[in-house]
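Peer 1: CSV, C-alpha atoms, saved as model-v1.csv, coming up:
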chain,number,residue,atom,x,y,z
A,1,MET,CA,62.7,30.9,-17.3
A,2,PRO,CA,65.9,32.6,-18.8
A,3,ARG,CA,69.0,30.4,-18.6
A,4,THR,CA,70.9,32.8,-16.3
A,5,ILE,CA,68.1,33.0,-13.8
A,6,ALA,CA,67.6,29.2,-13.9
A,7,VAL,CA,71.3,28.7,-13.2
A,8,ALA,CA,71.1,31.1,-10.3
A,9,VAL,CA,68.1,29.4,-8.7
A,10,LEU,CA,69.6,25.9,-9.2
A,11,ALA,CA,73.0,27.0,-7.8
A,12,VAL,CA,71.5,28.5,-4.6
A,13,CYS,CA,69.2,25.5,-4.1
A,14,VAL,CA,72.0,23.1,-4.6
A,15,PHE,CA,74.6,24.9,-2.4
A,16,GLY,CA,72.6,26.8,0.1
A,17,ARG,CA,74.7,27.6,3.2
A,18,ALA,CA,77.9,25.7,3.9
A,19,PRO,CA,77.9,23.3,6.8
A,20,ALA,CA,79.9,24.2,9.8
A,21,ALA,CA,82.3,21.2,9.5
A,22,ALA,CA,85.9,22.2,8.5
A,23,GLN,CA,86.6,19.2,6.2
A,24,MET,CA,85.4,19.3,2.7
A,25,THR,CA,82.7,16.6,2.5
A,26,GLY,CA,82.1,14.3,-0.4
A,27,LEU,CA,78.9,16.2,-1.3
A,28,GLU,CA,80.8,19.5,-1.3
A,29,ARG,CA,83.4,18.0,-3.6
A,30,GLN,CA,80.7,16.8,-5.9
A,31,ARG,CA,79.0,20.2,-6.0
A,32,LEU,CA,82.2,22.0,-6.6
A,33,LEU,CA,83.1,19.7,-9.5
A,34,ALA,CA,79.6,20.1,-11.0
A,35,HIS,CA,80.0,23.9,-11.0
A,36,MET,CA,83.4,23.7,-12.5
A,37,GLU,CA,82.4,21.3,-15.2
A,38,MET,CA,79.3,23.4,-16.0
A,39,THR,CA,81.3,26.7,-16.5
A,40,ALA,CA,83.9,25.0,-18.6
A,41,ALA,CA,81.3,23.5,-21.0
A,42,TRP,CA,79.3,26.7,-21.1
A,43,LEU,CA,82.4,28.8,-21.9
A,44,ALA,CA,83.4,26.4,-24.7
A,45,ASP,CA,79.9,26.6,-26.1
A,46,GLU,CA,79.9,30.3,-26.2
A,47,ILE,CA,83.4,30.7,-27.7
A,48,SER,CA,84.1,27.7,-30.0
A,49,PRO,CA,81.8,28.8,-32.9
A,50,LEU,CA,83.3,32.4,-33.1
A,51,ASN,CA,85.2,33.5,-36.2
A,52,PRO,CA,88.2,35.9,-35.8
A,53,ALA,CA,86.1,39.0,-36.4
A,54,GLN,CA,83.7,38.0,-33.7
A,55,PHE,CA,86.5,36.9,-31.3
A,56,HIS,CA,88.2,40.2,-31.5
A,57,PHE,CA,85.2,42.5,-31.7
A,58,ARG,CA,85.4,45.4,-29.2
A,59,PRO,CA,82.0,46.7,-28.2
A,60,ALA,CA,83.2,50.1,-27.1
A,61,PRO,CA,86.5,52.0,-26.7
A,62,GLY,CA,88.3,50.5,-23.6
A,63,GLY,CA,85.9,47.6,-23.5
A,64,TRP,CA,87.2,44.0,-23.7
A,65,SER,CA,86.7,41.7,-26.7
A,66,VAL,CA,85.8,38.1,-26.2
A,67,ALA,CA,89.5,37.3,-26.8
A,68,GLU,CA,90.5,39.6,-24.0
A,69,VAL,CA,87.9,38.1,-21.6
A,70,LEU,CA,89.2,34.6,-22.3
A,71,GLU,CA,92.8,35.7,-22.0
A,72,HIS,CA,92.0,37.3,-18.7
A,73,LEU,CA,90.8,33.9,-17.4
A,74,VAL,CA,94.1,32.4,-18.6
A,75,VAL,CA,96.2,35.1,-16.9
A,76,VAL,CA,94.4,34.8,-13.6
A,77,ALA,CA,94.3,31.0,-13.4
A,78,PRO,CA,97.8,30.5,-12.0
A,79,ILE,CA,97.4,33.6,-9.8
A,80,TYR,CA,94.3,32.3,-8.2
A,81,ARG,CA,95.7,28.8,-7.8
A,82,ALA,CA,98.8,30.3,-6.0
A,83,ASP,CA,96.4,32.2,-3.7
A,84,LEU,CA,94.7,28.9,-2.9
A,85,LEU,CA,97.9,27.0,-2.2
A,86,ALA,CA,99.3,29.9,-0.1
A,87,ALA,CA,96.2,29.8,2.1
A,88,LEU,CA,96.7,26.1,2.7
A,89,LYS,CA,100.2,26.8,4.0
A,90,GLN,CA,98.9,29.1,6.7
A,91,ALA,CA,97.8,27.9,10.1
A,92,PRO,CA,94.2,26.8,10.3
A,93,ARG,CA,91.8,29.6,11.3
A,94,GLU,CA,88.1,30.0,12.1
A,95,ARG,CA,86.2,30.2,8.8
A,96,SER,CA,84.7,33.4,7.7
A,97,ALA,CA,81.0,34.4,7.9
A,98,THR,CA,80.8,34.3,4.1
A,99,ALA,CA,78.2,31.8,2.8
A,100,ASP,CA,78.8,29.6,-0.2
A,101,ALA,CA,75.6,31.2,-1.7
A,102,ASP,CA,77.4,34.6,-1.6
A,103,ILE,CA,80.2,33.2,-3.8
A,104,LEU,CA,77.6,31.8,-6.2
A,105,TRP,CA,75.8,35.1,-6.5
A,106,TYR,CA,79.1,36.8,-7.4
A,107,GLY,CA,79.1,34.8,-10.6
A,108,ILE,CA,75.5,35.7,-11.4
A,109,ASP,CA,75.0,39.3,-10.5
A,110,ARG,CA,76.8,41.7,-12.9
A,111,SER,CA,75.0,44.8,-11.6
A,112,ARG,CA,78.3,45.6,-9.9
A,113,ARG,CA,81.2,45.9,-12.4
A,114,GLU,CA,84.8,45.6,-11.4
A,115,GLN,CA,88.1,46.6,-13.0
A,116,ALA,CA,90.9,44.0,-13.3
A,117,ILE,CA,94.1,45.0,-11.5
A,118,PRO,CA,97.1,45.5,-13.9
A,119,PRO,CA,98.7,42.1,-13.4
A,120,GLU,CA,95.5,40.4,-14.3
A,121,ARG,CA,94.7,42.3,-17.4
A,122,PRO,CA,95.0,40.5,-20.8
A,123,PRO,CA,98.3,41.3,-22.6
A,124,GLY,CA,96.9,40.6,-26.0
A,125,ARG,CA,99.0,37.6,-26.9
A,126,LEU,CA,96.2,35.0,-27.4
A,127,ARG,CA,94.9,35.7,-30.9
A,128,ASP,CA,93.5,32.4,-32.0
A,129,VAL,CA,90.2,31.0,-30.6
A,130,ARG,CA,91.4,27.4,-30.5
A,131,ALA,CA,94.8,28.2,-28.9
A,132,ALA,CA,93.1,30.4,-26.3
A,133,LEU,CA,90.6,27.7,-25.4
A,134,GLU,CA,93.4,25.1,-25.1
A,135,ALA,CA,95.3,27.5,-22.8
A,136,TYR,CA,92.2,27.9,-20.7
A,137,ARG,CA,91.5,24.2,-20.5
A,138,LYS,CA,95.0,23.4,-19.4
A,139,HIS,CA,94.6,25.5,-16.3
A,140,HIS,CA,91.0,24.5,-15.7
A,141,ASP,CA,91.8,20.8,-15.9
A,142,ARG,CA,94.7,21.2,-13.5
A,143,LEU,CA,92.4,22.7,-10.9
A,144,LEU,CA,89.7,20.2,-11.6
A,145,GLU,CA,92.1,17.3,-11.0
A,146,TYR,CA,93.2,18.9,-7.7
A,147,VAL,CA,89.6,19.2,-6.5
A,148,LYS,CA,88.9,15.6,-7.5
A,149,THR,CA,91.8,14.2,-5.5
A,150,THR,CA,92.8,16.6,-2.7
A,151,ARG,CA,92.5,15.6,0.9
A,152,ASP,CA,93.5,19.2,2.0
A,153,ASN,CA,91.4,20.6,4.7
A,154,LEU,CA,90.0,23.5,2.6
A,155,ARG,CA,87.4,24.6,5.1
A,156,SER,CA,90.0,25.5,7.8
A,157,HIS,CA,92.1,27.8,5.7
A,158,VAL,CA,91.3,31.4,4.7
A,159,VAL,CA,92.3,33.2,1.5
A,160,ASP,CA,93.1,36.7,2.7
A,161,ARG,CA,92.5,38.3,-0.6
A,162,GLN,CA,88.7,37.5,-0.4
A,163,GLY,CA,88.3,36.7,3.3
A,164,CYS,CA,86.7,33.3,2.4
A,165,ASP,CA,87.8,29.8,3.1
A,166,ALA,CA,89.8,27.8,0.6
A,167,TYR,CA,86.9,25.7,-0.6
A,168,GLN,CA,84.9,28.9,-1.3
A,169,TRP,CA,88.0,30.3,-3.1
A,170,ALA,CA,88.0,27.3,-5.4
A,171,LEU,CA,84.3,27.8,-6.0
A,172,LEU,CA,84.9,31.5,-6.6
A,173,ILE,CA,87.4,30.6,-9.4
A,174,SER,CA,84.5,28.9,-11.1
A,175,THR,CA,81.9,31.6,-10.4
A,176,HIS,CA,84.4,34.2,-11.7
A,177,GLU,CA,84.5,32.3,-15.0
A,178,GLN,CA,80.7,32.2,-15.0
A,179,ARG,CA,80.7,36.0,-14.4
A,180,HIS,CA,82.8,36.4,-17.5
A,181,ILE,CA,80.7,34.1,-19.5
A,182,LEU,CA,77.8,36.5,-18.9
A,183,GLN,CA,80.1,39.3,-20.0
A,184,ILE,CA,80.8,37.4,-23.3
A,185,ARG,CA,77.1,37.0,-23.8
A,186,GLU,CA,76.7,40.7,-23.4
A,187,ILE,CA,79.4,41.3,-26.1
A,188,LYS,CA,77.7,38.9,-28.4
A,189,ALA,CA,74.4,40.7,-27.9
A,190,HIS,CA,75.8,44.0,-29.0
A,191,PRO,CA,74.0,45.3,-32.1
A,192,GLU,CA,77.3,45.7,-34.0
A,193,PHE,CA,78.6,42.3,-33.2
A,194,PRO,CA,79.7,40.7,-36.5
A,195,LYS,CA,77.3,38.2,-38.0
A,196,ARG,CA,78.4,34.8,-39.1
A,197,GLU,CA,78.6,34.4,-42.9
A,198,LYS,CA,75.9,32.1,-44.2
A,199,PRO,CA,77.3,29.0,-46.1
A,200,ARG,CA,76.9,29.4,-49.9
Taking this structure as input, can you express it in the form of structure tokens?
Peer 2:
Amino acid sequence: MPRTIAVAVLAVCVFGRAPAAAQMTGLERQRLLAHMEMTAAWLADEISPLNPAQFHFRPAPGGWSVAEVLEHLVVVAPIYRADLLAALKQAPRERSATADADILWYGIDRSRREQAIPPERPPGRLRDVRAALEAYRKHHDRLLEYVKTTRDNLRSHVVDRQGCDAYQWALLISTHEQRHILQIREIKAHPEFPKREKPR
């Protein structure tokens, strides 16, 4: 079974439909942390071995390089975190009809492509693989620590941008990363993607 399909099946089986309870349960916390840790490790595995030519390879005019994909994740991290915290400041509301599985499929199904809005496009400042990964990990670890320790009632607050509850928004941050990991794999599979030099 291909890795992408296996991840999809496992994710839907593990998460299924969210329970009706408003409070994030211990099991929900465990599942969210597992997804976040999976995407972070997977992203590092895909990017760490790249040389500069591979990191900055552009598959087509107007297409993003791996460097730009990673920088996009760095740019949106504080924006998405601000959306999460803003939702928690609002009065509790009935949760949306969105299922956790819908959020998971967003990270897996790339048949529908989206364009990043201008504030979330990569400005081209992160040029080095190591520095870019460190910038990503800084934001990722901050959110990971929040999820590990928060007592916020994530299920009772809605993020207007997506129409999902705050728990699902935190999950979407991780599935958004997964979606871009698949994009990185597509770039690396391009026939003109630079080959690594063999050691002499």
Peer 1: Find the distance between CA of Pro59 in chain A and CA of Ile173 in chain A and write it in Å to one decimal.
Peer 2: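 CA of Ile173 in chain A lies at a distance of 25.3 Å from CA of Pro59 in chain A.
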Peer 1: Around (91.2, 17.5, -0.2) in the file's frame, which residues reach within 12 Å when counting only C-alpha atoms? Return as a list in words?
Peer 2: Ala22, Gln23, Met24, Thr25, Gly26, Glu28, Arg29, Gln30, Leu32, Leu85, Leu88, Leu143, Leu144, Glu145, Tyr146, Val147, Lys148, Thr149, Thr150, Arg151, Asp152, Asn153, Leu154, Arg155, Ser156, His157, Ala166, Tyr167 and Ala170 of chain A
Peer 1: In terms of the shortest atom-to-atom distance over all atoms listed in the file, which of A:Leu84, A:Ala101, A:Leu182, A:Leu126 is closest to Gln162 in chain A?
Peer 2: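 Among the listed residues, A:Leu84 lies closest to Gln162 in chain A.
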Peer 1: Quick one: pull the distance between CA of Asp160 in chain A and CA of Val75 in chain A, Å, one decimal.
Peer 2: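 CA of Val75 in chain A lies at a distance of 19.9 Å from CA of Asp160 in chain A.
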Peer 1: What separation in Å, quoted to one decimal, exists between CA of Val66 in chain A and CA of Arg161 in chain A?
Peer 2: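 Those two atoms sit 26.5 Å apart.
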Peer 1: Pick from A:Met38, A:Trp64, A:Pro49, A:Thr175: nearest to Gln115 in chain A, with only C-alpha atoms counted?
Peer 2: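 The answer is A:Trp64, which sits nearest to Gln115 in chain A.
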Peer 1: Identify, on the basis of all atoms listed in the file, every residue whose closest approach to range 192-197 of chain A does not exceed 12 Å; exclude the query and any residue fewer than 2 positions from it along the same chain; express the result as a ChimeraX atom specification.
Peer 2: /A:49-60,65-66,184-190,199-200
Peer 1: Calculated over only C-alpha atoms, which of the candidates A:Gly107, A:Asp102, A:Arg93, A:Gly62 has the smallest distance to Gln178 in chain A?
Peer 2: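 Ranked by minimum distance to Gln178 in chain A, first place goes to A:Gly107.
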Peer 1: Please provide the set of residues having any atom within 6 Å of Arg121 in chain A, restricted to all atoms listed in the file, with same-chain residues fewer than 3 positions apart removed, written as JSON, numbers by chain.
Peer 2: {"A": [72, 116, 118]}
Peer 1: Using all atoms listed in the file, pick whichever of A:Ile79, A:Arg31, A:Leu43, A:His180 has the shortest atom-to-atom distance to Ile117 in chain A.
Peer 2: A:Ile79
Peer 1: Rank nothing, just name the residue among A:Pro119, A:Pro61, A:Gly163, A:Pro191 nearest to Ala99 in chain A, using only C-alpha atoms.
Peer 2: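 Using only C-alpha atoms, the shortest distance to Ala99 in chain A belongs to A:Gly163.
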Peer 1: Please identify all polymer residues within 9 Å of Ala132 in chain A, counting only C-alpha atoms, omitting same-chain residues fewer than 4 positions from it, and present them as a VMD selection string.
Peer 2: chain A and resid 67 70 to 71 74 126 to 128 136 to 137
Peer 1: Of the candidates A:Thr39, A:Ser174, A:Ser111, A:Thr98, which shows the shortest atom-to-atom distance to Tyr80 in chain A, using all atoms listed in the file?
Peer 2: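 Among the listed residues, A:Ser174 lies closest to Tyr80 in chain A.
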